[in-house]
Each structure stands twice: as C-alpha cells, then as structure tokens.
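The file upload_22.pdb comes next; it holds PDB, C-alpha atoms, pLDDT in the B column.
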ATOM      1  CA  LYS A   1    -224.323 -61.858 180.033  1.00 56.00           C
ATOM      2  CA  ASN A   2    -226.077 -60.799 176.829  1.00 58.00           C
ATOM      3  CA  GLU A   3    -229.321 -60.444 178.742  1.00 61.00           C
ATOM      4  CA  GLY A   4    -227.645 -57.999 181.143  1.00 59.00           C
ATOM      5  CA  VAL A   5    -226.334 -55.922 178.259  1.00 54.00           C
ATOM      6  CA  LEU A   6    -229.765 -55.848 176.640  1.00 55.00           C
ATOM      7  CA  ARG A   7    -231.357 -54.805 179.929  1.00 57.00           C
ATOM      8  CA  GLY A   8    -228.774 -52.029 180.267  1.00 54.00           C
ATOM      9  CA  VAL A   9    -229.440 -50.759 176.747  1.00 56.00           C
ATOM     10  CA  ALA A  10    -233.193 -50.986 177.241  1.00 59.00           C
ATOM     11  CA  ALA A  11    -232.870 -49.140 180.536  1.00 57.00           C
ATOM     12  CA  SER A  12    -230.995 -46.274 178.918  1.00 59.00           C
ATOM     13  CA  TYR A  13    -233.799 -45.753 176.388  1.00 61.00           C
ATOM     14  CA  GLN A  14    -236.625 -46.079 178.921  1.00 68.00           C
ATOM     15  CA  LEU A  15    -235.309 -43.622 181.499  1.00 73.00           C
ATOM     16  CA  LYS A  16    -237.719 -40.830 182.307  1.00 74.00           C
ATOM     17  CA  HIS A  17    -235.250 -38.656 184.183  1.00 73.00           C
ATOM     18  CA  CYS A  18    -231.754 -38.935 182.783  1.00 78.00           C
ATOM     19  CA  ASP A  19    -228.996 -37.058 184.590  1.00 80.00           C
ATOM     20  CA  PRO A  20    -227.348 -34.713 182.058  1.00 85.00           C
ATOM     21  CA  ARG A  21    -223.929 -35.333 183.611  1.00 88.00           C
ATOM     22  CA  PHE A  22    -224.178 -39.007 182.718  1.00 86.00           C
ATOM     23  CA  SER A  23    -225.428 -38.178 179.226  1.00 88.00           C
ATOM     24  CA  GLU A  24    -222.392 -35.961 178.690  1.00 91.00           C
ATOM     25  CA  LEU A  25    -220.128 -38.667 180.109  1.00 91.00           C
ATOM     26  CA  ARG A  26    -221.661 -41.250 177.766  1.00 91.00           C
ATOM     27  CA  THR A  27    -221.103 -38.926 174.804  1.00 92.00           C
ATOM     28  CA  TYR A  28    -217.501 -38.376 175.897  1.00 93.00           C
ATOM     29  CA  ALA A  29    -216.881 -42.124 176.264  1.00 92.00           C
ATOM     30  CA  ASP A  30    -218.440 -42.859 172.854  1.00 93.00           C
ATOM     31  CA  GLU A  31    -216.365 -40.167 171.156  1.00 94.00           C
ATOM     32  CA  LEU A  32    -213.192 -41.294 172.935  1.00 93.00           C
ATOM     33  CA  GLU A  33    -213.750 -44.876 171.885  1.00 91.00           C
ATOM     34  CA  SER A  34    -214.456 -43.962 168.259  1.00 92.00           C
ATOM     35  CA  ARG A  35    -211.408 -41.689 168.074  1.00 94.00           C
ATOM     36  CA  ILE A  36    -209.145 -44.311 169.625  1.00 92.00           C
ATOM     37  CA  ASN A  37    -210.406 -46.848 167.092  1.00 90.00           C
ATOM     38  CA  ALA A  38    -209.741 -44.370 164.281  1.00 92.00           C
ATOM     39  CA  VAL A  39    -206.206 -43.719 165.537  1.00 92.00           C
ATOM     40  CA  LEU A  40    -205.544 -47.458 165.833  1.00 89.00           C
ATOM     41  CA  LYS A  41    -206.827 -48.029 162.306  1.00 90.00           C
ATOM     42  CA  VAL A  42    -204.555 -45.315 160.898  1.00 91.00           C
ATOM     43  CA  THR A  43    -201.639 -46.663 162.930  1.00 88.00           C
ATOM     44  CA  GLN A  44    -202.208 -50.159 161.561  1.00 87.00           C
ATOM     45  CA  ASN A  45    -202.255 -48.814 158.000  1.00 90.00           C
ATOM     46  CA  VAL A  46    -199.033 -46.859 158.525  1.00 87.00           C
ATOM     47  CA  ALA A  47    -197.338 -49.838 160.186  1.00 86.00           C
ATOM     48  CA  ALA A  48    -198.382 -52.116 157.326  1.00 87.00           C
ATOM     49  CA  LYS A  49    -196.901 -49.700 154.787  1.00 88.00           C
ATOM     50  CA  GLN A  50    -193.692 -49.437 156.803  1.00 85.00           C
ATOM     51  CA  ARG A  51    -193.439 -53.227 156.948  1.00 85.00           C
ATOM     52  CA  LEU A  52    -193.833 -53.363 153.175  1.00 87.00           C
ATOM     53  CA  THR A  53    -191.077 -50.762 152.830  1.00 85.00           C
ATOM     54  CA  TYR A  54    -188.717 -52.699 155.106  1.00 82.00           C
ATOM     55  CA  ASN A  55    -189.510 -55.927 153.271  1.00 83.00           C
ATOM     56  CA  SER A  56    -188.681 -54.207 149.995  1.00 85.00           C
ATOM     57  CA  TYR A  57    -185.265 -53.362 151.522  1.00 82.00           C
ATOM     58  CA  LYS A  58    -184.765 -57.077 152.039  1.00 84.00           C
ATOM     59  CA  ASP A  59    -185.619 -57.756 148.398  1.00 83.00           C
ATOM     60  CA  LEU A  60    -183.301 -54.966 147.248  1.00 83.00           C
ATOM     61  CA  ALA A  61    -180.502 -56.365 149.416  1.00 83.00           C
ATOM     62  CA  LYS A  62    -180.886 -59.748 147.744  1.00 83.00           C
ATOM     63  CA  THR A  63    -180.870 -58.085 144.332  1.00 84.00           C
ATOM     64  CA  PHE A  64    -177.663 -56.153 145.119  1.00 78.00           C
ATOM     65  CA  SER A  65    -176.008 -59.296 146.502  1.00 82.00           C
ATOM     66  CA  ASP A  66    -176.930 -61.240 143.373  1.00 81.00           C
ATOM     67  CA  TRP A  67    -175.725 -58.369 141.210  1.00 81.00           C
ATOM     68  CA  SER A  68    -172.406 -58.314 143.066  1.00 80.00           C
ATOM     69  CA  THR A  69    -171.713 -61.928 142.000  1.00 81.00           C
ATOM     70  CA  ILE A  70    -172.349 -61.034 138.369  1.00 81.00           C
ATOM     71  CA  GLU A  71    -170.531 -57.694 138.239  1.00 78.00           C
ATOM     72  CA  LYS A  72    -166.794 -58.158 138.851  1.00 77.00           C
ATOM     73  CA  SER A  73    -165.649 -54.532 138.974  1.00 82.00           C
ATOM     74  CA  LEU A  74    -168.441 -53.333 141.301  1.00 81.00           C
ATOM     75  CA  GLY A  75    -168.848 -56.573 143.263  1.00 80.00           C
ATOM     76  CA  ILE A  76    -167.579 -55.379 146.662  1.00 81.00           C
ATOM     77  CA  PRO A  77    -169.500 -52.060 146.748  1.00 84.00           C
ATOM     78  CA  LEU A  78    -172.689 -53.792 145.598  1.00 79.00           C
ATOM     79  CA  GLN A  79    -172.250 -56.451 148.261  1.00 80.00           C
ATOM     80  CA  LYS A  80    -171.765 -53.743 150.919  1.00 84.00           C
ATOM     81  CA  ILE A  81    -174.945 -52.033 149.787  1.00 83.00           C
ATOM     82  CA  GLY A  82    -176.766 -55.371 150.071  1.00 82.00           C
ATOM     83  CA  HIS A  83    -175.461 -55.885 153.635  1.00 82.00           C
ATOM     84  CA  HIS A  84    -176.473 -52.346 154.638  1.00 84.00           C
ATOM     85  CA  LEU A  85    -179.979 -52.880 153.255  1.00 83.00           C
ATOM     86  CA  ASP A  86    -180.233 -56.198 155.141  1.00 82.00           C
ATOM     87  CA  ASN A  87    -179.200 -54.438 158.368  1.00 83.00           C
ATOM     88  CA  LEU A  88    -181.631 -51.598 157.693  1.00 82.00           C
ATOM     89  CA  GLU A  89    -184.479 -54.033 157.124  1.00 82.00           C
ATOM     90  CA  GLY A  90    -183.776 -55.930 160.354  1.00 81.00           C
ATOM     91  CA  ALA A  91    -183.344 -52.804 162.468  1.00 83.00           C
ATOM     92  CA  GLY A  92    -186.424 -51.180 160.936  1.00 81.00           C
ATOM     93  CA  ASN A  93    -188.659 -54.144 161.702  1.00 78.00           C
ATOM     94  CA  VAL A  94    -187.389 -54.333 165.289  1.00 82.00           C
ATOM     95  CA  LEU A  95    -187.905 -50.597 165.792  1.00 81.00           C
ATOM     96  CA  LEU A  96    -191.362 -50.773 164.238  1.00 82.00           C
ATOM     97  CA  LEU A  97    -192.333 -53.654 166.518  1.00 82.00           C
ATOM     98  CA  GLU A  98    -191.096 -51.854 169.652  1.00 84.00           C
ATOM     99  CA  GLU A  99    -192.912 -48.626 168.779  1.00 84.00           C
ATOM    100  CA  ASP A 100    -196.057 -50.518 167.853  1.00 84.00           C
ATOM    101  CA  VAL A 101    -196.076 -52.344 171.196  1.00 84.00           C
ATOM    102  CA  LYS A 102    -195.543 -49.141 173.206  1.00 85.00           C
ATOM    103  CA  PHE A 103    -198.185 -47.196 171.317  1.00 87.00           C
ATOM    104  CA  CYS A 104    -200.766 -49.973 171.268  1.00 85.00           C
ATOM    105  CA  GLU A 105    -200.391 -50.571 175.021  1.00 87.00           C
ATOM    106  CA  ASN A 106    -201.238 -46.923 175.683  1.00 89.00           C
ATOM    107  CA  MET A 107    -204.140 -46.983 173.254  1.00 90.00           C
ATOM    108  CA  ARG A 108    -205.486 -50.188 174.813  1.00 87.00           C
ATOM    109  CA  GLU A 109    -205.329 -48.518 178.209  1.00 91.00           C
ATOM    110  CA  TYR A 110    -207.339 -45.560 176.902  1.00 91.00           C
ATOM    111  CA  ALA A 111    -209.807 -47.915 175.209  1.00 90.00           C
ATOM    112  CA  ASN A 112    -210.248 -49.798 178.495  1.00 91.00           C
ATOM    113  CA  TYR A 113    -210.880 -46.471 180.217  1.00 93.00           C
ATOM    114  CA  ALA A 114    -213.610 -45.623 177.698  1.00 92.00           C
ATOM    115  CA  TYR A 115    -215.108 -49.096 178.062  1.00 93.00           C
ATOM    116  CA  SER A 116    -215.092 -48.767 181.861  1.00 93.00           C
ATOM    117  CA  LEU A 117    -216.854 -45.421 181.632  1.00 93.00           C
ATOM    118  CA  LYS A 118    -219.520 -46.873 179.372  1.00 92.00           C
ATOM    119  CA  ASP A 119    -219.950 -49.877 181.669  1.00 93.00           C
ATOM    120  CA  PHE A 120    -220.274 -47.583 184.694  1.00 93.00           C
ATOM    121  CA  ILE A 121    -222.902 -45.480 182.907  1.00 92.00           C
ATOM    122  CA  ARG A 122    -224.781 -48.605 181.809  1.00 90.00           C
ATOM    123  CA  LYS A 123    -224.926 -49.832 185.403  1.00 92.00           C
ATOM    124  CA  TYR A 124    -226.047 -46.406 186.607  1.00 90.00           C
ATOM    125  CA  GLU A 125    -228.826 -46.306 184.017  1.00 88.00           C
ATOM    126  CA  LEU A 126    -229.960 -49.802 184.960  1.00 90.00           C
ATOM    127  CA  LEU A 127    -230.155 -48.797 188.628  1.00 89.00           C
ATOM    128  CA  GLN A 128    -231.934 -45.561 187.723  1.00 89.00           C
ATOM    129  CA  TYR A 129    -234.432 -47.521 185.647  1.00 89.00           C
ATOM    130  CA  LYS A 130    -235.088 -49.898 188.557  1.00 90.00           C
ATOM    131  CA  ILE A 131    -235.639 -46.904 190.843  1.00 90.00           C
ATOM    132  CA  GLU A 132    -238.104 -45.391 188.387  1.00 89.00           C
ATOM    133  CA  VAL A 133    -239.972 -48.705 188.086  1.00 90.00           C
ATOM    134  CA  LEU A 134    -240.174 -48.991 191.869  1.00 92.00           C
ATOM    135  CA  GLU A 135    -241.367 -45.379 192.148  1.00 90.00           C
ATOM    136  CA  SER A 136    -244.107 -45.984 189.596  1.00 90.00           C
ATOM    137  CA  THR A 137    -245.116 -49.174 191.437  1.00 93.00           C
ATOM    138  CA  ILE A 138    -245.344 -47.239 194.705  1.00 93.00           C
ATOM    139  CA  GLU A 139    -247.422 -44.531 193.020  1.00 91.00           C
ATOM    140  CA  ALA A 140    -249.753 -47.174 191.550  1.00 89.00           C
ATOM    141  CA  LYS A 141    -250.191 -48.776 194.970  1.00 89.00           C
ATOM    142  CA  LYS A 142    -250.866 -45.379 196.553  1.00 88.00           C
ATOM    143  CA  ALA A 143    -253.518 -44.723 193.910  1.00 86.00           C
ATOM    144  CA  GLY A 144    -255.018 -48.157 194.589  1.00 84.00           C
ATOM    145  CA  LEU A 145    -255.136 -47.431 198.311  1.00 82.00           C
ATOM    146  CA  PHE A 146    -256.762 -44.066 197.655  1.00 80.00           C
ATOM    147  CA  LEU A 147    -259.412 -45.697 195.496  1.00 80.00           C
ATOM    148  CA  LEU A 148    -260.165 -48.194 198.237  1.00 79.00           C
ATOM    149  CA  GLY A 149    -260.657 -45.314 200.616  1.00 75.00           C
ATOM    150  CA  LYS A 150    -257.897 -46.326 202.982  1.00 63.00           C
ATOM    151  CA  PRO A 151    -255.687 -43.664 204.462  1.00 58.00           C
ATOM    152  CA  GLU A 152    -252.305 -43.262 202.845  1.00 55.00           C
ATOM    153  CA  VAL A 153    -249.358 -44.809 204.550  1.00 55.00           C
ATOM    154  CA  SER A 154    -246.571 -42.349 205.181  1.00 57.00           C
ATOM    155  CA  SER A 155    -243.710 -43.116 202.854  1.00 55.00           C
ATOM    156  CA  ALA A 156    -240.228 -42.036 203.710  1.00 54.00           C
ATOM    157  CA  VAL A 157    -238.092 -43.262 200.842  1.00 49.00           C
TER     158      VAL A 157
END

Please render this file's structure as structure tokens.
Amino acid sequence: KNEGVLRGVAASYQLKHCDPRFSELRTYADELESRINAVLKVTQNVAAKQRLTYNSYKDLAKTFSDWSTIEKSLGIPLQKIGHHLDNLEGAGNVLLLEEDVKFCENMREYANYAYSLKDFIRKYELLQYKIEVLESTIEAKKAGLFLLGKPEVSSAV
C-alpha cells in the first residue's frame, strides 16, 4: 500500500501536462482538509474547557454539601445549591457529549469527502503519468524506426 502512495506522489511531481482543473481540485481538497482539522482542534479545546468547567461544578457541589453539614442555619439552602450543581454537571456533560458526537460525525464526513477527492486526484495523476510514459515510449520507438529507415507505422491511439 505504501508503494502505491509513493508512486502516486511521484507521479504528481513528474507529470508533464497537468490538468489545471485537477490542480485546483487538489488545492481545494488540501485547504478543506486543513480547515476541517483546524476546526476539530478548536472544538476539542473548547470541549476540554467545558468539561473542566462541568467538573468544577461537581467539586463545588461537594463543597456546598459538606458546608451544609457544618452550617446549621444555612444547611438546607446550601444542600439545595449542591444538588443543583450536581444536576447541572450531569446535564452539561450529557449535552456536551451529544453535541460533540453530532458535530464530529459531520466533520468526519467532510474529512472523508476531502480524503476521497485527494485519492481520486492521486489515481488520476498516476494514470496520467502512465499515459505520458507510454507516449514517450511510443515516440522513442518511432524515432528508432525512423533511424532504421523503416516506414512509420500508422498509430491511431
């Protein structure tokens, strides 16, 4: 598999006649892939910070619950605050997980699209390279026939 990838990369650099439409498509696919990766990186950073925030709610809830056992006059309100923070932490993590799954599925789909485009272009360039090699081989054989003084064979390619 690695050999095929290397041949595809080598073919893209050795092409004599590159179709500008495919060059533009390759540029588009590269930019799309890099932007998707940037968006995913930012999303991961934001999600990590949100998780830290929700985990701090859990710690605060424990603190308020512990404080409610110590403080007699404010015990019930402090305990309620602790329960609300516990509920907020649980709901926040569930919501964050659901949103993360939805968003990442879409981003993975776009990333697969960019990868498919690049794979298609790589295969096109490999075929184009093979065509160019065959054309140069035919030209070399025609030149060899001409040097030998034999009449050219009609080529309808």

Could you check how far CA of Ala111 in chain A sits from CA of Ala29 in chain A, in Å to one decimal? 9.2 Å

Residues at most 10 Å from Asn87 in chain A, counting only C-alpha atoms, excluding those fewer than 6 positions away in the same chain, as a ChimeraX atom specification? /A:57-58,61,81

Pull the closest atom pair for each residue of range 16-78 of chain A that gets at most 9 Å from range 120-128 of chain A, along with the distance in Å to one decimal, counting only C-alpha atoms, ordering rows by chain and then ascending residue number, as JSON lines.
{"residue": "A:His17", "atom": "CA", "partner": "A:Gln128", "partner_atom": "CA", "distance": 8.4}
{"residue": "A:Cys18", "atom": "CA", "partner": "A:Glu125", "partner_atom": "CA", "distance": 8.0}
{"residue": "A:Phe22", "atom": "CA", "partner": "A:Ile121", "partner_atom": "CA", "distance": 6.6}
{"residue": "A:Ser23", "atom": "CA", "partner": "A:Ile121", "partner_atom": "CA", "distance": 8.6}
{"residue": "A:Leu25", "atom": "CA", "partner": "A:Ile121", "partner_atom": "CA", "distance": 7.9}
{"residue": "A:Arg26", "atom": "CA", "partner": "A:Ile121", "partner_atom": "CA", "distance": 6.8}

Measure the distance from CA of Glu24 in chain A to CA of Thr43 in chain A in Å and round it to one decimal.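 Separation between CA of Glu24 in chain A and CA of Thr43 in chain A: 28.2 Å.
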
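Taking CA of Gly82 in chain A as the reference point, CA of Ile70 in chain A is found at 13.7 Å.
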
Specify as a ChimeraX atom specification each residue included when the PyMOL selection byres ((chain A and resi 76-78) around 12) is applied to this file. /A:60-75,79-85

Store the residues picked out above in a file with C-alpha atoms, as a CSV table (one decimal), keeping the file's coordinate frame.
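Final file, part_21.csv:
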chain,number,residue,atom,x,y,z
A,60,LEU,CA,-183.3,-55.0,147.2
A,61,ALA,CA,-180.5,-56.4,149.4
A,62,LYS,CA,-180.9,-59.7,147.7
A,63,THR,CA,-180.9,-58.1,144.3
A,64,PHE,CA,-177.7,-56.2,145.1
A,65,SER,CA,-176.0,-59.3,146.5
A,66,ASP,CA,-176.9,-61.2,143.4
A,67,TRP,CA,-175.7,-58.4,141.2
A,68,SER,CA,-172.4,-58.3,143.1
A,69,THR,CA,-171.7,-61.9,142.0
A,70,ILE,CA,-172.3,-61.0,138.4
A,71,GLU,CA,-170.5,-57.7,138.2
A,72,LYS,CA,-166.8,-58.2,138.9
A,73,SER,CA,-165.6,-54.5,139.0
A,74,LEU,CA,-168.4,-53.3,141.3
A,75,GLY,CA,-168.8,-56.6,143.3
A,79,GLN,CA,-172.2,-56.5,148.3
A,80,LYS,CA,-171.8,-53.7,150.9
A,81,ILE,CA,-174.9,-52.0,149.8
A,82,GLY,CA,-176.8,-55.4,150.1
A,83,HIS,CA,-175.5,-55.9,153.6
A,84,HIS,CA,-176.5,-52.3,154.6
A,85,LEU,CA,-180.0,-52.9,153.3

Given the choices A:Ala143, A:Leu15, A:Ile36, A:Leu52, which gets closest to Asn93 in chain A if the distance is worked out from all atoms listed in the file? A:Leu52

Using the file's own x, y and z axes, so that the box edges lie along x, y and z, what centre and edge lengths in Å (one decimal) does a box around every listed atom of range 97-105 of chain A get when 4 Å is added on each side? Give it as lines of an AutoDock Vina configuration file.
center_x = -195.9
center_y = -50.4
center_z = 170.8
size_x = 17.7
size_y = 14.5
size_z = 16.5

Counting all atoms listed in the file, the residue among A:Asn55, A:Asn112, A:Ser136, A:Asn45 that lies closest to Leu32 in chain A is A:Asn112

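In this comparison, which uses only C-alpha atoms, the residue of A:Thr27, A:Leu40, A:Glu132, A:Val46 approaching Phe103 in chain A most closely is A:Leu40.
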
Residues at most 12 Å from range 49-51 of chain A, counting all atoms listed in the file, excluding those fewer than 5 positions away in the same chain, as a list in words? Val42, Thr43, Gln44, Ser56, Tyr57, Lys58, Leu88, Glu89, Gly90, Ala91, Gly92, Asn93, Val94, Leu95, Leu96, Leu97 and Asp100 of chain A

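You can rank A:Ala48, A:Ile131, A:Gly149, A:Glu33 by their closest distance to Glu109 in chain A using only C-alpha atoms, and at the top of that list sits A:Glu33.
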